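The next block holds one structure in the form of structure tokens; read it before the comments.
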Amino acid sequence: SMPELNDPALLRNQAYVDGAWCAAASAATFEVTNPADGAVIGSVPDMGAADAQRAIDAAAAAFPAWSARTGKERAAILRNWFNLLEAHAADLATLMTAEQGKPLAEARGEVAYGASFVEWFAEEAKRVSGDVPGSTWKDKRMVVLKQPIGVCASITPWNFPIAMITRKVAPAIAAGCTIVIKPAEQTPLSALALAELAHRAGLPPGVINIVTANAAGSVEVGRVLCDSPVVRHLSFTGSTPVGRILMQQCAPTVKKLALELGGHAPFIVFEDADLDAAVEGALASKYRNAGQTCVCTNRFYVHASLHDAFVQKLAAGAAQIRVGNGFESGIGIGPLIDSQAVDKVQDHVADALAKGATLEGGGRAHPMGGLFYEPTVLSNVSADMKIMREETFGPVAAVVKFTSEEEALAAANDTDFGLAAYFYSRDIGRVWRVAEKLEYGMVGINTGIISNEVAPFGGVKQSGLGREGSRYGMDEYLEIKYLCIGGI
Ligand code: ADP
């Protein structure tokens, strides 16, 4: 169920703490399965509180020496790591498709995307600089320093098993921090392969530590990471409910938090849009990773004058997407991650149909069975349906008709989420007007694909705190210290 790796040493079955491969203190393990066929592809330590504490201790011990290195020295090691990620891209993609299910071409894309953060922050490591404000005192001078925040922790999801780690870890270690990572229980193998390559790149022991754990163990490890007064920063990508729990758990130690939580992206097609371009953007934004991304469109709002043509073209495009095992060529949609994911998609579709939505295509589990679901298009969707409120995280497009810009904007903003939004328009006045009024951290205009390492990724409202990637991404891991020097 998994093609052979060119470099079999990238498939690890132990966790990585203090520069060494290790088992859980309890010796417990859990299996990693391929969502396409349920086959077991590996097994990793099921760690708990004691292991998490040991990883924190290792990160704390590594911090003084790592933070004392120059940015240029850290940059060189990050650059080595980036080169190794590129050199082993094929194997990393194989591992990712095997444990996560996304089509191999998408996995290759994620490896490149994930590696780009390592390259970017290798460059940024040399560009941390402070400030010398003009003093208001004749006999004193003022200096602002930027220093690494200290030991960090990160908890990451399964939908981007490499990129969600590198987007956090690369800026952290570039800044001089050390870090403990708890990858998602569904996708620990990609995380461990990253660690193997970081080790080969010359990263000193304890700078990054990977603690693997199954669902229950993840809760236990998460609590230790949050409770620890040594851990100064927690970054998390995942669901909004878990983000709230972690925020609460971090309150007693007043930890700095970076949260990338759920989204519920609207996608508005105005009457002056290029219809074919909008359909193309809609297909890319909706069905990528089987709809399992936090920036995937959940709600389409289409002007009445284009509505029927849009729905027809979207349904025709969706019907063309081949569903199957991500290792087969030409596959556009792989399996969903697990049976709960399939249940949620089925529940959203059934709820919409029961409340009067029209099925334009798909609408059921794929005949091949397992965790495969057909690309689906629903029209006549209304605000009372679950799909309009909750993140579906599956290959279902819900389309609503609108008649005025005000109506579309009000509907688009009527949510507690605020991650990504998209709209199509050729009218320059409308482009500015709508872009400014959308209450979202990221807005795609005449495009359905917006992420790269140079752009600040993040949300407003209950979609999270902070920005990742970009020149802003490093600030997250730096503290500002003000020096006031008297007696001049
Ligand atoms: P998803 O729905 O994408 O699985 P989750 O928010 O449930 O999103 O999971 C994202 C990450 O959070 C995973 O690494 C998971 O193990 C971890 N996680 C889930 N619940 C908790 C918790 N209570 N405490 C700490 N980590 C958790």
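Going by the structure tokens order, chains are called A, B, ..., each with residues numbered from 1, while ligands are numbered from 1 in the order shown.
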
Using DSSP on the backbone coordinates, identify all residues within range 64-179 of chain A classified as strand (DSSP E); present the result as a CSV table (one decimal) with N, CA and C atoms, in the first residue's frame.
chain,number,residue,atom,x,y,z
A,141,ARG,N,20.5,57.2,26.2
A,141,ARG,CA,20.3,56.7,24.9
A,141,ARG,C,19.3,55.4,25.0
A,142,MET,N,18.6,55.2,23.9
A,142,MET,CA,17.6,54.1,23.9
A,142,MET,C,17.9,53.1,22.8
A,143,VAL,N,17.7,51.9,23.2
A,143,VAL,CA,18.0,50.8,22.2
A,143,VAL,C,16.9,49.7,22.3
A,144,VAL,N,16.4,49.2,21.2
A,144,VAL,CA,15.4,48.1,21.2
A,144,VAL,C,16.1,46.9,20.6
A,145,LEU,N,16.1,45.8,21.4
A,145,LEU,CA,16.7,44.5,21.0
A,145,LEU,C,15.6,43.6,20.7
A,146,LYS,N,15.8,42.6,19.8
A,146,LYS,CA,14.9,41.5,19.5
A,146,LYS,C,15.6,40.2,19.9
A,147,GLN,N,15.0,39.5,20.8
A,147,GLN,CA,15.6,38.2,21.3
A,147,GLN,C,14.6,37.1,21.2
A,148,PRO,N,15.2,35.8,21.0
A,148,PRO,CA,14.3,34.7,20.8
A,148,PRO,C,13.5,34.5,22.1
A,151,VAL,N,11.9,28.5,24.8
A,151,VAL,CA,11.4,27.2,24.4
A,151,VAL,C,9.9,27.3,23.9
A,152,CYS,N,9.7,26.7,22.7
A,152,CYS,CA,8.4,26.8,22.1
A,152,CYS,C,7.8,25.4,22.0
A,153,ALA,N,6.5,25.4,21.8
A,153,ALA,CA,5.8,24.1,21.5
A,153,ALA,C,4.8,24.3,20.4
A,154,SER,N,4.6,23.2,19.6
A,154,SER,CA,3.6,23.4,18.5
A,154,SER,C,2.8,22.1,18.4
A,155,ILE,N,1.6,22.2,18.1
A,155,ILE,CA,0.6,21.1,17.9
A,155,ILE,C,0.0,21.3,16.5
A,178,THR,N,14.1,27.0,20.6
A,178,THR,CA,14.1,25.5,20.5
A,178,THR,C,12.6,25.1,20.6
A,179,ILE,N,12.3,23.9,20.2
A,179,ILE,CA,10.8,23.6,20.1
A,179,ILE,C,10.5,22.1,20.3

Exercise for the section: Write out as a PyMOL selection string the residues lying within 8 Å of Ala365 in chain A, counting only C-alpha atoms and excluding same-chain residues fewer than 6 positions away. Expected result: chain A and resi 342+346+371-374

Could you save those same residues with N, CA and C atoms as an mmCIF file, in the first residue's frame?
data_model
loop_
_atom_site.group_PDB
_atom_site.id
_atom_site.type_symbol
_atom_site.label_atom_id
_atom_site.label_comp_id
_atom_site.auth_asym_id
_atom_site.auth_seq_id
_atom_site.Cartn_x
_atom_site.Cartn_y
_atom_site.Cartn_z
ATOM 1 N N VAL A 342 -16.072 11.431 6.940
ATOM 2 C CA VAL A 342 -17.107 11.027 5.983
ATOM 3 C C VAL A 342 -18.493 11.243 6.605
ATOM 4 N N GLN A 346 -21.506 13.567 5.103
ATOM 5 C CA GLN A 346 -22.825 12.983 4.833
ATOM 6 C C GLN A 346 -23.915 13.710 5.600
ATOM 7 N N LEU A 371 -13.252 5.408 2.419
ATOM 8 C CA LEU A 371 -13.380 6.790 2.878
ATOM 9 C C LEU A 371 -13.517 7.764 1.708
ATOM 10 N N PHE A 372 -13.929 7.239 0.551
ATOM 11 C CA PHE A 372 -14.032 8.085 -0.644
ATOM 12 C C PHE A 372 -15.433 8.689 -0.754
ATOM 13 N N TYR A 373 -15.475 9.971 -1.106
ATOM 14 C CA TYR A 373 -16.754 10.665 -1.247
ATOM 15 C C TYR A 373 -16.751 11.405 -2.574
ATOM 16 N N GLU A 374 -17.877 11.400 -3.263
ATOM 17 C CA GLU A 374 -17.957 12.035 -4.575
ATOM 18 C C GLU A 374 -17.906 13.556 -4.472
#

Practice task
Would you list the residues that come within 8 Å of ligand 1? Count only C-alpha atoms and all ligand atoms and give the answer as a list in words.
Solution key: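 Taking only C-alpha atoms and all ligand atoms into account, the residues around ligand 1 at most 8 Å away are Ile155, Thr156, Pro157, Trp158, Asn159, Lys182, Pro183, Ala184, Glu185, Ala213, Asn214, Ala215, Ser218, Val219, Glu220, Val221, Gly222, Arg223, Phe236, Thr237, Gly238, Ser239, Thr240, Pro241, Val242, Gly243, Ile245, Leu246 and Leu261 of chain A.
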
Just to be explicit: take each residue in the selection above, keep C-alpha atoms, and write the result as a short mmCIF file (atom, residue, chain, number, x, y, z; two decimals), in the first residue's frame.
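Full text of result.cif as output:
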data_model
loop_
_atom_site.label_atom_id
_atom_site.label_comp_id
_atom_site.auth_asym_id
_atom_site.auth_seq_id
_atom_site.Cartn_x
_atom_site.Cartn_y
_atom_site.Cartn_z
CA ILE A 155 0.64 21.13 17.92
CA THR A 156 -0.13 20.47 14.27
CA PRO A 157 -2.94 18.94 12.18
CA TRP A 158 -3.06 16.13 9.61
CA ASN A 159 -4.26 18.05 6.55
CA LYS A 182 3.35 17.17 18.70
CA PRO A 183 2.23 16.15 15.19
CA ALA A 184 -1.28 14.91 14.44
CA GLU A 185 -1.83 11.27 15.32
CA ALA A 213 1.05 10.35 20.50
CA ASN A 214 -2.32 8.86 19.67
CA ALA A 215 -5.57 10.75 20.37
CA SER A 218 -2.14 13.94 22.46
CA VAL A 219 -4.47 15.46 25.04
CA GLU A 220 -2.04 14.48 27.81
CA VAL A 221 1.01 15.80 25.94
CA GLY A 222 -0.88 18.97 25.06
CA ARG A 223 -1.64 19.60 28.71
CA PHE A 236 -1.39 25.49 17.08
CA THR A 237 -3.15 24.77 13.82
CA GLY A 238 -6.41 22.87 14.11
CA SER A 239 -10.04 23.22 15.02
CA THR A 240 -11.49 26.23 16.84
CA PRO A 241 -12.83 24.11 19.77
CA VAL A 242 -9.38 22.64 20.45
CA GLY A 243 -7.83 26.11 20.03
CA ILE A 245 -9.08 24.55 25.11
CA LEU A 246 -5.39 25.25 24.51
CA LEU A 261 -8.07 27.78 13.63
#

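If you look at CA of Ala55 in chain A and CA of Pro252 in chain A, they are 20.8 Å away from each other.
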
Problem - Close residues, Ala191 in chain A itself excluded, 8 Å, only C-alpha atoms, min 2 positions apart in chain, as a list in words - result: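 Those residues are Pro161, Ile162, Ile165, Pro183, Thr187, Pro188, Leu189, Ala193, Leu194, Ala195 and Ile210 of chain A.
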
Those selected residues, please, written with N, CA and C atoms and delivered as a CSV table (one decimal), in the first residue's frame.
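Saved the output as out_19.csv:
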chain,number,residue,atom,x,y,z
A,161,PRO,N,0.6,17.8,6.6
A,161,PRO,CA,1.5,17.1,7.6
A,161,PRO,C,2.9,17.7,7.6
A,162,ILE,N,3.4,18.3,6.5
A,162,ILE,CA,4.7,18.9,6.5
A,162,ILE,C,4.7,20.4,6.6
A,165,ILE,N,4.1,22.1,10.0
A,165,ILE,CA,5.2,22.0,10.9
A,165,ILE,C,6.3,23.0,10.5
A,183,PRO,N,3.0,16.2,16.5
A,183,PRO,CA,2.2,16.2,15.2
A,183,PRO,C,0.9,15.4,15.4
A,187,THR,N,-0.8,11.6,11.1
A,187,THR,CA,0.3,11.8,10.1
A,187,THR,C,1.6,12.0,10.8
A,188,PRO,N,2.0,11.1,11.7
A,188,PRO,CA,3.3,11.4,12.4
A,188,PRO,C,4.6,11.0,11.5
A,189,LEU,N,4.4,10.2,10.5
A,189,LEU,CA,5.5,9.8,9.7
A,189,LEU,C,6.2,10.9,8.9
A,193,ALA,N,10.1,12.1,9.3
A,193,ALA,CA,11.0,12.2,8.2
A,193,ALA,C,11.6,13.6,8.2
A,194,LEU,N,10.8,14.7,8.5
A,194,LEU,CA,11.4,16.0,8.6
A,194,LEU,C,12.5,16.1,9.6
A,195,ALA,N,12.3,15.4,10.8
A,195,ALA,CA,13.3,15.4,11.8
A,195,ALA,C,14.6,14.7,11.4
A,210,ILE,N,10.4,15.8,18.4
A,210,ILE,CA,9.1,15.4,18.0
A,210,ILE,C,8.5,14.3,18.9

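Across the structure, CA of Ala122 in chain A and CA of Gly458 in chain A are spaced 21.0 Å apart.
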
Practice task
as JSON, numbers by chain, list the residues of range 235-278 of chain A assigned to alpha helix (DSSP H) by DSSP on the backbone atoms of this structure.
Solution key: {"A": [240, 241, 242, 243, 244, 245, 246, 247, 248, 249, 250, 275, 276, 277, 278]}

Take the selection from the previous step and output its residues with N, CA and C atoms, as an mmCIF file, in the first residue's frame.
data_model
loop_
_atom_site.group_PDB
_atom_site.id
_atom_site.type_symbol
_atom_site.label_atom_id
_atom_site.label_comp_id
_atom_site.auth_asym_id
_atom_site.auth_seq_id
_atom_site.Cartn_x
_atom_site.Cartn_y
_atom_site.Cartn_z
ATOM 1 N N THR A 240 -11.223 25.147 15.891
ATOM 2 C CA THR A 240 -11.492 26.229 16.839
ATOM 3 C C THR A 240 -11.794 25.694 18.246
ATOM 4 N N PRO A 241 -12.586 24.605 18.397
ATOM 5 C CA PRO A 241 -12.831 24.113 19.768
ATOM 6 C C PRO A 241 -11.546 23.711 20.491
ATOM 7 N N VAL A 242 -10.634 23.022 19.795
ATOM 8 C CA VAL A 242 -9.376 22.642 20.454
ATOM 9 C C VAL A 242 -8.527 23.890 20.717
ATOM 10 N N GLY A 243 -8.549 24.849 19.807
ATOM 11 C CA GLY A 243 -7.828 26.107 20.027
ATOM 12 C C GLY A 243 -8.281 26.795 21.306
ATOM 13 N N ARG A 244 -9.594 26.780 21.557
ATOM 14 C CA ARG A 244 -10.121 27.403 22.783
ATOM 15 C C ARG A 244 -9.605 26.680 24.027
ATOM 16 N N ILE A 245 -9.580 25.335 23.963
ATOM 17 C CA ILE A 245 -9.078 24.553 25.110
ATOM 18 C C ILE A 245 -7.618 24.919 25.388
ATOM 19 N N LEU A 246 -6.823 24.972 24.326
ATOM 20 C CA LEU A 246 -5.393 25.249 24.509
ATOM 21 C C LEU A 246 -5.184 26.657 25.060
ATOM 22 N N MET A 247 -6.001 27.597 24.579
ATOM 23 C CA MET A 247 -5.894 28.980 25.058
ATOM 24 C C MET A 247 -6.178 29.039 26.559
ATOM 25 N N GLN A 248 -7.210 28.319 26.972
ATOM 26 C CA GLN A 248 -7.537 28.267 28.406
ATOM 27 C C GLN A 248 -6.403 27.643 29.206
ATOM 28 N N GLN A 249 -5.871 26.543 28.648
ATOM 29 C CA GLN A 249 -4.807 25.836 29.372
ATOM 30 C C GLN A 249 -3.530 26.668 29.444
ATOM 31 N N CYS A 250 -3.354 27.606 28.538
ATOM 32 C CA CYS A 250 -2.151 28.451 28.538
ATOM 33 C C CYS A 250 -2.319 29.698 29.392
ATOM 34 N N LEU A 275 -16.645 34.475 -15.894
ATOM 35 C CA LEU A 275 -17.312 33.268 -15.403
ATOM 36 C C LEU A 275 -16.402 32.042 -15.432
ATOM 37 N N ASP A 276 -15.707 31.818 -16.554
ATOM 38 C CA ASP A 276 -14.873 30.617 -16.645
ATOM 39 C C ASP A 276 -13.717 30.656 -15.645
ATOM 40 N N ALA A 277 -13.151 31.848 -15.474
ATOM 41 C CA ALA A 277 -12.071 31.980 -14.489
ATOM 42 C C ALA A 277 -12.621 31.701 -13.085
ATOM 43 N N ALA A 278 -13.836 32.165 -12.811
ATOM 44 C CA ALA A 278 -14.440 31.945 -11.493
ATOM 45 C C ALA A 278 -14.690 30.457 -11.251
#

Practice task
Report the distance between CA of Ala216 in chain A and CA of Gly48 in chain A in Å, rounded to one decimal place.
Solution key: 8.8 Å

Exercise for the section: Pick out the residues sitting within 9 Å of Thr29 in chain A, and hand them over as a PyMOL selection string; count only C-alpha atoms, and ignore anything fewer than 5 positions along from it in its own chain. Expected result: chain A and resi 23-24+43-47+213-214

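When only C-alpha atoms are used to compute distances to Glu31 in chain A, the closest of the residues A:Asn13, A:Ala309, A:Ile480, A:Ala163 turns out to be A:Asn13.
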
Practice task
Excluding Val381 in chain A and residues on its chain fewer than 5 positions from it, collect all residues at most 7 Å away from it, counting only C-alpha atoms, and give them as a PyMOL selection string.
Solution key: chain A and resi 352+357+398-400

Exercise for the section: For Ala115 in chain A, list every protein, DNA or RNA residue within 12 Å, evaluated using only C-alpha atoms, and leave out those in the same chain fewer than 3 positions away; present the list as a VMD selection string. Expected result: chain A and resid 78 to 89 92 to 93 108 to 112 118 to 122 162 to 170 194 197 to 198 452 to 453 469
